[in-house]
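Asks: Below is the file final-v9.cif, which contains mmCIF, C-alpha atoms.
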data_run
#
loop_
_atom_site.label_atom_id
_atom_site.label_comp_id
_atom_site.auth_asym_id
_atom_site.auth_seq_id
_atom_site.Cartn_x
_atom_site.Cartn_y
_atom_site.Cartn_z
CA MET A 1416 -103.37 120.60 124.97
CA THR A 1417 -105.42 123.29 126.70
CA TYR A 1418 -108.96 124.27 126.04
CA ALA A 1419 -110.64 127.58 126.69
CA VAL A 1420 -113.51 127.49 129.15
CA VAL A 1421 -116.67 128.74 127.51
CA ARG A 1422 -120.04 129.50 129.00
CA ALA A 1423 -122.59 126.77 128.36
CA PRO A 1424 -124.78 127.95 125.51
CA ARG A 1425 -127.90 126.70 127.28
CA LEU A 1426 -129.20 126.85 130.80
CA ASP A 1427 -131.04 124.19 132.75
CA LEU A 1428 -134.21 124.97 134.69
CA GLU A 1429 -132.47 125.95 137.92
CA GLU A 1430 -129.85 128.10 136.19
CA PHE A 1431 -132.45 129.78 134.04
CA ALA A 1432 -134.80 130.42 136.97
CA ALA A 1433 -131.95 131.89 139.00
CA ALA A 1434 -130.89 134.15 136.13
CA ALA A 1435 -134.50 135.30 135.66
CA GLY A 1436 -135.00 135.81 139.40
CA LEU A 1437 -137.98 133.43 139.46
CA HIS A 1438 -138.89 130.26 141.26
CA PRO A 1439 -138.18 127.18 139.07
CA GLU A 1440 -141.77 126.06 139.50
CA LEU A 1441 -143.01 129.31 138.03
CA VAL A 1442 -140.67 128.85 135.06
CA SER A 1443 -142.01 125.31 134.50
CA ARG A 1444 -145.49 126.72 134.61
CA LEU A 1445 -144.66 129.36 131.99
CA VAL A 1446 -143.30 126.58 129.78
CA ALA A 1447 -146.42 124.47 130.33
CA LEU A 1448 -148.56 127.44 129.29
CA GLY A 1449 -146.49 127.86 126.12
CA ILE A 1450 -145.37 131.34 127.11
CA ILE A 1451 -141.69 130.47 126.98
CA ASP A 1452 -140.21 127.78 124.80
CA ALA A 1453 -137.87 125.19 126.22
CA ALA A 1454 -136.13 122.19 124.75
CA ARG A 1455 -136.74 118.92 126.56
CA ASP A 1456 -134.00 116.30 126.47
CA SER A 1457 -134.49 112.53 126.60
CA ALA A 1458 -134.26 112.58 130.40
CA GLY A 1459 -137.12 115.08 130.47
CA ARG A 1460 -135.02 118.01 131.61
CA LEU A 1461 -135.82 121.49 130.33
CA TRP A 1462 -133.19 123.62 128.61
CA PHE A 1463 -133.27 127.33 127.89
CA SER A 1464 -131.17 129.84 125.99
CA ARG A 1465 -129.87 133.00 127.57
CA SER A 1466 -131.74 135.15 125.03
CA GLN A 1467 -135.03 133.91 126.54
CA LEU A 1468 -134.37 135.90 129.69
CA GLY A 1469 -135.66 138.93 127.77
CA ASP A 1470 -138.88 137.04 126.97
CA VAL A 1471 -139.40 136.26 130.65
CA ALA A 1472 -138.81 139.89 131.58
CA ARG A 1473 -141.52 140.90 129.12
CA VAL A 1474 -143.94 138.39 130.68
CA GLN A 1475 -143.21 139.87 134.10
CA ARG A 1476 -143.68 143.47 132.94
CA LEU A 1477 -146.92 142.76 131.10
CA ARG A 1478 -148.35 140.72 133.94
CA ALA A 1479 -147.51 143.41 136.47
CA GLY A 1480 -148.58 146.32 134.27
CA PHE A 1481 -152.01 145.00 133.31
CA ALA A 1482 -152.79 142.60 136.12
CA LEU A 1483 -153.09 139.81 133.56
CA ASN A 1484 -153.13 136.14 134.31
CA TYR A 1485 -150.52 134.02 132.58
CA ALA A 1486 -152.80 132.69 129.85
CA ALA A 1487 -153.76 136.25 128.91
CA THR A 1488 -150.12 137.31 128.98
CA GLY A 1489 -149.40 134.58 126.43
CA LEU A 1490 -152.11 135.94 124.16
CA VAL A 1491 -150.85 139.52 124.48
CA ILE A 1492 -147.30 138.42 123.65
CA ASP A 1493 -148.48 136.51 120.57
CA LEU A 1494 -150.40 139.56 119.38
CA LEU A 1495 -147.50 141.95 120.04
CA ASP A 1496 -145.17 139.66 118.10
CA ARG A 1497 -147.58 139.50 115.19
CA ILE A 1498 -147.88 143.28 115.16
CA ALA A 1499 -144.08 143.58 115.19
CA VAL A 1500 -143.85 141.31 112.14
CA LEU A 1501 -146.52 143.31 110.30
CA GLU A 1502 -144.89 146.62 111.16
CA ALA A 1503 -141.53 145.37 109.92
CA ALA A 1504 -143.18 144.26 106.66
CA MET A 1505 -144.82 147.68 106.30
CA ARG A 1506 -141.51 149.43 106.87
CA ARG A 1507 -139.88 147.23 104.25
CA ARG A 1508 -142.62 147.98 101.76
CA ALA A 1509 -142.44 151.70 102.43
CA ARG A 1510 -138.70 151.55 101.92
CA LEU A 1511 -138.92 149.71 98.60
CA GLY A 1512 -142.01 151.30 97.17
CA GLY A 1513 -142.26 154.78 98.62
CA HIS A 1514 -140.46 157.46 96.66
CA MET B 1198 -139.94 168.16 138.46
CA ALA B 1199 -142.63 165.77 137.32
CA ASP B 1200 -146.24 166.77 137.14
CA GLN B 1201 -147.73 166.15 140.56
CA ASP B 1202 -151.32 166.73 139.54
CA PHE B 1203 -152.59 163.17 139.47
CA TYR B 1204 -155.94 164.19 137.98
CA ARG B 1205 -154.22 165.96 135.11
CA ILE B 1206 -151.94 162.95 134.54
CA LEU B 1207 -155.01 160.74 134.14
CA GLY B 1208 -156.85 163.44 132.17
CA VAL B 1209 -159.91 163.44 134.44
CA PRO B 1210 -161.56 166.27 136.42
CA SER B 1211 -161.06 166.25 140.17
CA THR B 1212 -164.76 165.42 140.46
CA ALA B 1213 -164.34 162.19 138.46
CA SER B 1214 -166.00 159.05 139.79
CA GLN B 1215 -163.91 156.03 140.75
CA GLU B 1216 -165.15 154.34 137.61
CA GLU B 1217 -164.00 157.21 135.38
CA ILE B 1218 -160.61 157.14 137.04
CA GLN B 1219 -160.24 153.45 136.44
CA ARG B 1220 -161.35 153.77 132.84
CA ALA B 1221 -158.89 156.60 132.17
CA TYR B 1222 -156.11 154.66 133.85
CA ARG B 1223 -156.72 151.46 131.91
CA ARG B 1224 -156.80 153.28 128.59
CA LEU B 1225 -153.60 155.24 129.30
CA ALA B 1226 -151.83 152.18 130.68
CA ARG B 1227 -152.62 150.25 127.51
CA GLU B 1228 -151.28 153.10 125.38
CA ASN B 1229 -148.08 153.63 127.32
CA HIS B 1230 -147.01 150.25 128.63
CA PRO B 1231 -143.31 149.86 127.76
CA ASP B 1232 -143.97 146.57 125.98
CA VAL B 1233 -146.74 148.05 123.85
CA ASN B 1234 -145.33 151.52 123.18
CA ARG B 1235 -141.65 151.56 122.33
CA ASP B 1236 -141.30 155.33 122.51
CA PRO B 1237 -138.71 156.04 125.22
CA ALA B 1238 -140.98 158.76 126.67
CA ALA B 1239 -143.81 156.25 127.16
CA GLU B 1240 -142.02 154.54 130.05
CA ASP B 1241 -142.07 157.71 132.13
CA ARG B 1242 -145.68 158.40 131.27
CA PHE B 1243 -146.54 154.85 132.31
CA LYS B 1244 -144.87 155.33 135.68
CA ASP B 1245 -146.64 158.64 136.25
CA ILE B 1246 -149.98 157.13 135.26
CA SER B 1247 -149.46 154.16 137.56
CA GLU B 1248 -148.51 156.36 140.46
CA ALA B 1249 -151.48 158.65 139.90
CA TYR B 1250 -153.80 155.68 139.75
CA SER B 1251 -152.31 154.09 142.85
CA VAL B 1252 -153.30 157.21 144.76
CA LEU B 1253 -156.64 158.05 143.16
CA SER B 1254 -158.04 154.52 142.94
CA ASP B 1255 -158.15 154.13 146.70
CA PRO B 1256 -160.89 156.41 148.08
CA GLN B 1257 -158.97 156.89 151.31
CA THR B 1258 -155.66 157.96 149.77
CA ARG B 1259 -157.59 160.01 147.24
CA ARG B 1260 -159.28 161.91 150.05
CA ARG B 1261 -155.93 162.58 151.63
CA TYR B 1262 -154.45 163.64 148.29
CA ASP B 1263 -157.38 166.01 147.75
CA ALA B 1264 -156.88 167.49 151.21
CA PHE B 1265 -153.11 167.70 151.41
CA GLY B 1266 -151.87 167.63 147.81
CA PRO B 1267 -148.97 165.59 146.44
CA ASP B 1268 -147.14 165.71 149.80
CA PHE B 1269 -149.96 163.87 151.55
CA ARG B 1270 -147.79 160.91 152.46
CA GLN B 1271 -145.75 163.10 154.74
CA VAL B 1272 -148.83 164.29 156.59
CA PRO B 1273 -149.74 162.46 159.81
CA GLU B 1274 -152.87 160.31 159.51
CA ASP B 1275 -154.84 162.39 161.99
CA ALA B 1276 -153.86 165.84 160.68
CA ASP B 1277 -156.58 168.40 160.10
CA PRO B 1278 -156.47 169.81 156.55
CA GLU B 1279 -156.97 173.42 157.69
CA THR B 1280 -154.25 173.30 160.34
CA TRP B 1281 -151.91 171.59 157.89
CA ARG B 1282 -152.48 174.19 155.21
CA ARG B 1283 -151.65 176.99 157.62
CA ALA B 1284 -148.55 175.20 158.91
CA ARG B 1285 -147.34 174.49 155.41
CA ALA B 1286 -147.81 178.08 154.28
CA GLY B 1287 -145.42 179.02 157.07
CA ALA B 1288 -142.88 176.29 156.36
CA GLY B 1289 -142.49 177.42 152.76
CA ALA B 1290 -141.25 175.33 149.90
CA GLY B 1291 -138.97 173.07 151.94
CA ALA B 1292 -141.47 170.28 152.24
CA ARG B 1293 -142.23 170.36 148.55
CA SER B 1294 -138.68 169.59 147.46
CA ARG B 1295 -138.77 166.35 149.39
CA ALA B 1296 -142.05 165.28 147.92
CA GLY B 1297 -140.61 163.22 145.08
CA ALA B 1298 -138.57 160.96 147.32
CA GLY B 1299 -141.38 160.73 149.82
CA ALA B 1300 -143.94 159.71 147.25
CA ARG B 1301 -141.75 156.94 145.91
CA ALA B 1302 -140.96 155.53 149.31
CA GLY B 1303 -144.64 155.67 150.19
CA ALA B 1304 -145.61 153.67 147.12
CA GLY B 1305 -143.54 150.78 148.35
CA GLN B 1306 -144.98 150.57 151.83
CA GLY B 1307 -147.75 148.48 153.21
CA GLY B 1308 -150.63 146.88 151.40
CA ARG B 1309 -151.01 143.56 149.76
CA THR B 1310 -148.30 141.55 148.15
CA SER B 1311 -150.25 138.73 146.63
CA PHE B 1312 -149.01 137.23 143.42
CA GLY B 1313 -151.31 134.33 142.74
CA PHE B 1314 -151.49 132.44 139.49
CA GLY B 1315 -155.11 133.32 138.91
CA GLY B 1316 -155.16 137.04 138.35
CA GLY B 1317 -158.51 138.48 139.31
CA ASP B 1318 -160.43 141.26 137.67
CA ASP B 1319 -159.55 143.92 140.19
CA ILE B 1320 -156.24 145.62 139.91
CA ASP B 1321 -153.93 144.76 142.73
CA LEU B 1322 -151.93 147.91 143.40
CA ASP B 1323 -148.93 146.03 144.60
CA ASP B 1324 -149.12 143.97 141.48
CA LEU B 1325 -148.92 147.14 139.51
CA LEU B 1326 -146.22 148.94 141.35
CA GLY B 1327 -144.29 145.80 142.13
CA GLY B 1328 -143.22 145.47 138.54
CA LEU B 1329 -142.21 149.08 138.28
CA PHE B 1330 -140.85 150.29 141.55
CA GLY B 1331 -138.89 147.22 142.50
CA GLY B 1332 -140.47 143.83 142.22
CA ARG B 1333 -141.66 142.20 145.41
CA GLY B 1334 -143.62 139.13 146.28
CA GLY B 1335 -142.41 136.53 143.83
CA TRP B 1336 -140.64 138.57 141.21
CA GLY B 1337 -136.96 139.27 141.33
CA PRO B 1338 -135.42 142.19 139.50
CA VAL B 1339 -137.05 142.60 136.07
CA PRO B 1340 -134.93 143.74 133.12
CA GLY B 1341 -136.15 146.76 131.16
CA ALA B 1342 -138.01 146.70 127.83
CA ASP B 1343 -136.44 147.46 124.48
CA GLN B 1344 -137.32 150.87 123.10
CA SER B 1345 -137.17 152.42 119.71
CA ALA B 1346 -136.94 155.98 118.44
CA GLU B 1347 -136.51 157.54 115.03
CA ILE B 1348 -133.65 159.74 113.95
CA GLU B 1349 -133.76 161.77 110.80
CA LEU B 1350 -130.55 161.93 108.84
CA ALA B 1351 -129.60 164.08 105.89
CA LEU B 1352 -128.65 161.90 102.94
CA GLU B 1353 -125.06 163.15 103.12
CA ASP B 1354 -124.83 162.18 106.82
CA ALA B 1355 -126.15 158.71 106.07
CA TYR B 1356 -123.64 158.45 103.23
CA HIS B 1357 -120.59 159.49 105.19
CA GLY B 1358 -121.59 158.28 108.66
CA GLY B 1359 -120.13 160.01 111.68
CA ARG B 1360 -121.05 161.08 115.17
CA ARG B 1361 -124.39 162.48 116.05
CA THR B 1362 -125.96 163.79 119.25
CA VAL B 1363 -129.42 162.39 119.91
CA THR B 1364 -131.85 163.46 122.62
CA ILE B 1365 -134.11 160.68 123.88
CA GLY B 1366 -137.15 160.69 126.12
CA SER B 1367 -138.74 163.57 127.94
CA GLY B 1368 -139.00 165.07 131.38
CA LYS B 1369 -136.94 163.64 134.18
CA THR B 1370 -135.31 160.92 132.14
CA GLN B 1371 -134.44 162.96 129.09
CA ARG B 1372 -130.92 162.12 128.10
CA THR B 1373 -128.49 162.97 125.38
CA LEU B 1374 -126.53 160.27 123.65
CA GLU B 1375 -123.54 160.48 121.38
CA VAL B 1376 -124.20 157.99 118.60
CA THR B 1377 -121.89 156.74 115.89
CA ILE B 1378 -123.72 156.46 112.60
CA PRO B 1379 -122.04 153.87 110.37
CA PRO B 1380 -121.48 155.01 106.78
CA GLY B 1381 -124.16 153.82 104.37
CA VAL B 1382 -127.17 153.68 106.68
CA THR B 1383 -130.34 153.14 104.68
CA ASP B 1384 -133.87 154.26 105.38
CA GLY B 1385 -135.51 152.13 108.08
CA GLN B 1386 -132.28 150.53 109.23
CA ARG B 1387 -131.98 150.11 112.98
CA ILE B 1388 -128.98 151.08 115.04
CA ARG B 1389 -128.83 149.18 118.32
CA LEU B 1390 -127.64 150.93 121.45
CA ALA B 1391 -127.20 148.16 123.99
CA GLY B 1392 -128.38 148.99 127.51
CA GLN B 1393 -129.92 152.35 126.55
CA GLY B 1394 -133.55 151.18 126.57
CA GLY B 1395 -136.03 150.93 129.43
CA ARG B 1396 -134.59 150.72 132.91
CA GLY B 1397 -134.79 147.46 134.78
CA SER B 1398 -136.20 147.31 138.29
CA ASP B 1399 -134.00 146.60 141.31
CA GLY B 1400 -130.78 147.06 139.38
CA ALA B 1401 -131.72 144.56 136.66
CA GLN B 1402 -130.23 145.19 133.28
CA ALA B 1403 -131.75 147.85 131.02
CA GLY B 1404 -133.26 147.03 127.63
CA ASP B 1405 -131.78 148.11 124.33
CA LEU B 1406 -132.62 151.24 122.42
CA TYR B 1407 -133.09 150.94 118.68
CA LEU B 1408 -132.67 154.07 116.60
CA VAL B 1409 -134.57 153.74 113.34
CA ALA B 1410 -132.90 155.80 110.63
CA ARG B 1411 -135.15 157.99 108.52
CA ILE B 1412 -133.41 159.63 105.61
CA ALA B 1413 -134.79 163.07 104.87
CA PRO B 1414 -135.90 163.79 101.30
CA HIS B 1415 -133.09 165.44 99.37
CA ARG B 1416 -133.18 168.41 97.01
CA ILE B 1417 -131.44 166.62 94.15
CA PHE B 1418 -130.87 162.99 95.11
CA ARG B 1419 -133.50 160.30 95.37
CA LEU B 1420 -132.76 157.05 97.17
CA ASP B 1421 -133.92 153.60 96.14
CA GLY B 1422 -132.41 151.17 98.62
CA ARG B 1423 -128.72 151.84 98.20
CA ASP B 1424 -129.04 153.23 94.67
CA ILE B 1425 -129.05 156.98 94.24
CA HIS B 1426 -130.90 158.68 91.38
CA VAL B 1427 -130.06 162.14 90.12
CA GLU B 1428 -131.40 164.12 87.23
CA LEU B 1429 -128.96 164.90 84.40
CA ARG B 1430 -130.05 167.94 82.43
CA LEU B 1431 -128.84 168.10 78.85
CA ALA B 1432 -129.12 170.53 75.97
CA PRO B 1433 -130.64 168.96 72.79
CA TRP B 1434 -127.31 169.13 70.96
CA GLU B 1435 -125.44 167.57 73.93
CA ALA B 1436 -127.90 164.70 73.93
CA ALA B 1437 -127.73 164.27 70.16
CA LEU B 1438 -123.98 164.59 69.73
CA GLY B 1439 -122.80 163.07 73.02
CA THR B 1440 -120.72 164.79 75.65
CA SER B 1441 -119.00 164.43 78.96
CA VAL B 1442 -120.53 166.28 81.92
CA ALA B 1443 -120.10 166.50 85.67
CA VAL B 1444 -122.91 165.09 87.86
CA PRO B 1445 -123.22 165.73 91.58
CA THR B 1446 -122.84 162.76 93.94
CA PRO B 1447 -122.92 162.83 97.76
CA ASP B 1448 -119.16 162.43 97.58
CA GLY B 1449 -118.47 165.32 95.19
CA GLU B 1450 -118.77 165.58 91.44
CA ALA B 1451 -118.26 162.68 89.06
CA LYS B 1452 -117.72 162.72 85.30
CA VAL B 1453 -120.26 160.93 83.20
CA THR B 1454 -120.00 160.23 79.49
CA VAL B 1455 -123.25 160.85 77.66
CA PRO B 1456 -123.31 158.75 74.49
CA ALA B 1457 -124.50 160.35 71.26
CA GLY B 1458 -128.23 159.84 70.66
CA THR B 1459 -129.33 159.96 74.31
CA SER B 1460 -133.03 160.68 74.83
CA SER B 1461 -134.78 161.84 78.00
CA GLY B 1462 -135.27 159.03 80.50
CA ARG B 1463 -132.09 157.18 79.60
CA ARG B 1464 -130.27 156.19 82.76
CA LEU B 1465 -126.51 156.27 82.88
CA ARG B 1466 -125.09 154.12 85.62
CA LEU B 1467 -122.08 155.05 87.70
CA ARG B 1468 -121.23 151.75 89.27
CA GLY B 1469 -120.45 151.83 92.98
CA ARG B 1470 -121.18 155.55 93.39
CA GLY B 1471 -124.40 154.94 95.39
CA MET B 1472 -124.68 154.46 99.15
CA PRO B 1473 -121.70 152.62 100.63
CA ARG B 1474 -122.30 149.23 102.22
CA PRO B 1475 -120.12 148.30 105.17
CA ARG B 1476 -118.08 145.26 104.07
CA GLY B 1477 -120.03 144.86 100.85
CA THR B 1478 -120.77 146.20 97.40
CA PRO B 1479 -121.98 149.78 97.43
CA GLY B 1480 -125.07 150.85 95.51
CA ASP B 1481 -124.96 152.53 92.11
CA LEU B 1482 -125.67 156.08 91.09
CA TYR B 1483 -128.06 156.58 88.19
CA ALA B 1484 -127.98 159.83 86.25
CA GLU B 1485 -131.24 160.15 84.32
CA ALA B 1486 -131.08 162.22 81.16
CA ARG B 1487 -133.57 165.05 80.84
CA ILE B 1488 -133.40 167.22 77.75
CA MET B 1489 -134.05 170.89 78.33
CA VAL B 1490 -134.63 173.57 75.70
CA PRO B 1491 -134.21 177.33 76.07
CA SER B 1492 -137.56 178.88 76.98
CA LYS B 1493 -136.73 181.80 74.71
CA LEU B 1494 -134.67 181.39 71.54
CA SER B 1495 -132.31 184.03 70.21
CA ASP B 1496 -132.64 184.82 66.49
CA PRO B 1497 -129.62 182.74 65.42
CA GLU B 1498 -130.82 179.83 67.60
CA ARG B 1499 -134.25 179.98 66.05
CA GLU B 1500 -132.72 180.02 62.60
CA LEU B 1501 -130.61 176.97 63.32
CA PHE B 1502 -133.52 175.03 64.82
CA GLU B 1503 -135.66 175.91 61.81
CA GLN B 1504 -132.89 174.71 59.56
CA LEU B 1505 -132.70 171.48 61.56
CA ALA B 1506 -136.45 171.03 61.37
CA ALA B 1507 -136.39 171.42 57.59
CA THR B 1508 -133.48 169.03 57.14
CA SER B 1509 -134.26 166.25 59.58
CA ASP B 1510 -136.70 163.42 58.90
CA PHE B 1511 -136.59 162.30 62.53
CA ASP B 1512 -140.04 161.52 63.92
CA PRO B 1513 -140.02 161.05 67.69
CA ARG B 1514 -143.62 159.73 67.62
CA ARG B 1515 -142.98 156.96 65.15
CA ARG B 1516 -143.24 153.55 66.83
CA ARG B 1517 -140.68 150.98 65.85
#
Please go through the file and, once you have read it, give me the structure as structure tokens.

Replies:
Amino acid sequence: MTYAVVRAPRLDLEEFAAAAGLHPELVSRLVALGIIDAARDSAGRLWFSRSQLGDVARVQRLRAGFALNYAATGLVIDLLDRIAVLEAAMRRRARLGGH
Amino acid sequence: MADQDFYRILGVPSTASQEEIQRAYRRLARENHPDVNRDPAAEDRFKDISEAYSVLSDPQTRRRYDAFGPDFRQVPEDADPETWRRARAGAGAGARSRAGAGARAGAGQGGRTSFGFGGGDDIDLDDLLGGLFGGRGGWGPVPGADQSAEIELALEDAYHGGRRTVTIGSGKTQRTLEVTIPPGVTDGQRIRLAGQGGRGSDGAQAGDLYLVARIAPHRIFRLDGRDIHVELRLAPWEAALGTSVAVPTPDGEAKVTVPAGTSSGRRLRLRGRGMPRPRGTPGDLYAEARIMVPSKLSDPERELFEQLAATSDFDPRRRR
């Protein structure tokens, strides 16, 4: 019996930090600040999904573009996400209601 | 060639104070940051604004920019503005064509590269440019942001799908993309073009571009989700006696049977003749009856209507 080799669906801290081009300590700090989510297993290790690399890139761009500290970046991201949800709802309403 | 007038980019007069420059920069940066403004053209504006600010925010580089213009980085530190102007007038336009490359290289040289955790109030120029012109000092390559742009489609194009040429962005990064529109796109639906969004720094991967479909109002069809509504005009006798008529659909004409006794407002459904749905049930087409009368009656017509009026006891205003 042979099995196909598949890419692990989740990344550990080192793998994730390497893929994001960041120091692992900085990634842990972003997790501690609640800016990126990570799953923690029973051994206390952090696990990430590949799709979160985009979230980290956004943190980097916002921090660099506005000279924000990390706590402020977290707030900006929360607000941008809320606006995106509201805009999507508005688009849906316009689509259903607007003739 | 990009606008090289840094004052114009920031929208301030050349006599602006440092404070005005900073205020203008902060406002424009907030408006055009690629994570705040998803318009593909905003990314270029943001880069121009950042470059303008990097020059004008430092009184020393600003002085040199004022004296030597956008090519100031190629001018030796100790050059005299008057001598330089005369020399440049002789050299012609050659120096100018190299200015773009020179300016970019200059932005990456020297200065601070501090990336602390704190983040002070003052803008660190390297902080700013680091994220844009190749991350240094702590950051690796940073992938680009997702962008979104609208495309307007005629209802028929949305119905049939097909290829479409779309022009995105402005200025130096304007590009033309060949996009495949899937059949049955509805208003507000997003088409994802992977890797066509904001550019990443240092060769990092680009973001995605989302094209939001806007379906233009149509002369005869009205869309409601995937259902299509069309007006079905009928003569009074057609509506009373019943008939079979052709109605337009985006896919050509379709026959619809009008039952006897149809009043205005009655909707006749043509199942599955609305917008197609990829791998799913298509919408329906509704033909809505609308009874029309001749604006001028001929004598025989008038006679017949008068006869009908005398014979009939139908009262359209009677409530059941």

Asks: I need the residue set behind the PyMOL selection byres ((chain A) within 6 of (chain B)) for this file; please write it as a PDB file with C-alpha atoms, in the frame of the given file.

Replies:
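Result file part24.pdb:
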ATOM      1  CA  GLY A1436    -135.000 135.810 139.400  1.00  0.00           C
ATOM      2  CA  ALA A1472    -138.810 139.890 131.580  1.00  0.00           C
ATOM      3  CA  ARG A1476    -143.680 143.470 132.940  1.00  0.00           C
ATOM      4  CA  ALA A1479    -147.510 143.410 136.470  1.00  0.00           C
ATOM      5  CA  GLY A1480    -148.580 146.320 134.270  1.00  0.00           C
ATOM      6  CA  ALA A1482    -152.790 142.600 136.120  1.00  0.00           C
ATOM      7  CA  LEU A1483    -153.090 139.810 133.560  1.00  0.00           C
ATOM      8  CA  ASN A1484    -153.130 136.140 134.310  1.00  0.00           C
TER       9      ASN A1484
END

Asks: Output the residue selection produced by the PyMOL selection byres ((chain A and resi 1489-1503) around 10) on the file above, formatted as JSON, numbers by chain.

Replies: {"A": [1445, 1448, 1449, 1450, 1451, 1470, 1473, 1474, 1477, 1478, 1483, 1484, 1485, 1486, 1487, 1488, 1504, 1505, 1506, 1507, 1508, 1509], "B": [1232, 1233, 1385]}

Asks: Please produce an output containing C-alpha atoms for each residue in the selection, written as a CSV table (one decimal), in the coordinates of the input.

Replies:
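The file below, part-v4.csv, is the result:
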chain,number,residue,atom,x,y,z
A,1445,LEU,CA,-144.7,129.4,132.0
A,1448,LEU,CA,-148.6,127.4,129.3
A,1449,GLY,CA,-146.5,127.9,126.1
A,1450,ILE,CA,-145.4,131.3,127.1
A,1451,ILE,CA,-141.7,130.5,127.0
A,1470,ASP,CA,-138.9,137.0,127.0
A,1473,ARG,CA,-141.5,140.9,129.1
A,1474,VAL,CA,-143.9,138.4,130.7
A,1477,LEU,CA,-146.9,142.8,131.1
A,1478,ARG,CA,-148.4,140.7,133.9
A,1483,LEU,CA,-153.1,139.8,133.6
A,1484,ASN,CA,-153.1,136.1,134.3
A,1485,TYR,CA,-150.5,134.0,132.6
A,1486,ALA,CA,-152.8,132.7,129.8
A,1487,ALA,CA,-153.8,136.2,128.9
A,1488,THR,CA,-150.1,137.3,129.0
A,1504,ALA,CA,-143.2,144.3,106.7
A,1505,MET,CA,-144.8,147.7,106.3
A,1506,ARG,CA,-141.5,149.4,106.9
A,1507,ARG,CA,-139.9,147.2,104.2
A,1508,ARG,CA,-142.6,148.0,101.8
A,1509,ALA,CA,-142.4,151.7,102.4
B,1232,ASP,CA,-144.0,146.6,126.0
B,1233,VAL,CA,-146.7,148.0,123.8
B,1385,GLY,CA,-135.5,152.1,108.1

Asks: Go ahead and compute the interatomic distance for atom CA of B:Pro1433 and atom CA of B:Ile1488, in Å to one decimal.

Replies: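 We find that atom CA of B:Pro1433 and atom CA of B:Ile1488 lie 5.9 Å from each other.
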
Asks: Please write as a JSON list (two decimals) with C-alpha atoms, in the coordinates of the input the full residue list that the PyMOL selection byres ((chain A and resi 1459-1461) around 12) yields on this file.

Replies:
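The result, written out as out21.json:
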[["chain", "number", "residue", "atom", "x", "y", "z"],
["A", 1425, "ARG", "CA", -127.90, 126.70, 127.28],
["A", 1426, "LEU", "CA", -129.20, 126.85, 130.80],
["A", 1427, "ASP", "CA", -131.04, 124.19, 132.75],
["A", 1428, "LEU", "CA", -134.21, 124.97, 134.69],
["A", 1429, "GLU", "CA", -132.47, 125.95, 137.92],
["A", 1430, "GLU", "CA", -129.85, 128.10, 136.19],
["A", 1431, "PHE", "CA", -132.45, 129.78, 134.04],
["A", 1432, "ALA", "CA", -134.80, 130.42, 136.97],
["A", 1439, "PRO", "CA", -138.18, 127.18, 139.07],
["A", 1440, "GLU", "CA", -141.77, 126.06, 139.50],
["A", 1442, "VAL", "CA", -140.67, 128.85, 135.06],
["A", 1443, "SER", "CA", -142.01, 125.31, 134.50],
["A", 1444, "ARG", "CA", -145.49, 126.72, 134.61],
["A", 1445, "LEU", "CA", -144.66, 129.36, 131.99],
["A", 1446, "VAL", "CA", -143.30, 126.58, 129.78],
["A", 1447, "ALA", "CA", -146.42, 124.47, 130.33],
["A", 1451, "ILE", "CA", -141.69, 130.47, 126.98],
["A", 1452, "ASP", "CA", -140.21, 127.78, 124.80],
["A", 1453, "ALA", "CA", -137.87, 125.19, 126.22],
["A", 1454, "ALA", "CA", -136.13, 122.19, 124.75],
["A", 1455, "ARG", "CA", -136.74, 118.92, 126.56],
["A", 1456, "ASP", "CA", -134.00, 116.30, 126.47],
["A", 1457, "SER", "CA", -134.49, 112.53, 126.60],
["A", 1458, "ALA", "CA", -134.26, 112.58, 130.40],
["A", 1462, "TRP", "CA", -133.19, 123.62, 128.61],
["A", 1463, "PHE", "CA", -133.27, 127.33, 127.89],
["A", 1464, "SER", "CA", -131.17, 129.84, 125.99]]

Asks: Could you jot down the atom CA of B:Glu1428 to atom CA of B:Ile1348 separation for me, Å, one decimal place?

Replies: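 Separation of atom CA of B:Glu1428 and atom CA of B:Ile1348: 27.2 Å.
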
Asks: What is the distance, in Å and to one decimal place, between atom CA of B:Lys1493 and atom CA of B:Ser1461?

Replies: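 Straight-line distance from atom CA of B:Lys1493 to atom CA of B:Ser1461 works out to 20.3 Å.
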
Asks: Tell me which of B:Asp1241, B:Glu1375, B:Glu1349, B:Asp1448 sits closest to B:Arg1361, counting all atoms listed in the file.

Replies: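 That would be B:Glu1375, the residue with the smallest distance to B:Arg1361.
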
Asks: Let me make sure I understand: among B:Arg1396, B:Arg1387, B:Arg1476, B:Arg1220, which one has the smallest atom-to-atom distance to B:Thr1370 if we use only C-alpha atoms?

Replies: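 Comparing B:Arg1396, B:Arg1387, B:Arg1476, B:Arg1220 against B:Thr1370, the winner is B:Arg1396.
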
Asks: With only C-alpha atoms as the basis for distance, which of B:Arg1224, B:Arg1416, B:Arg1423, B:Arg1516 is at the shortest distance from B:Arg1470?

Replies: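 That would be B:Arg1423, the residue with the smallest distance to B:Arg1470.
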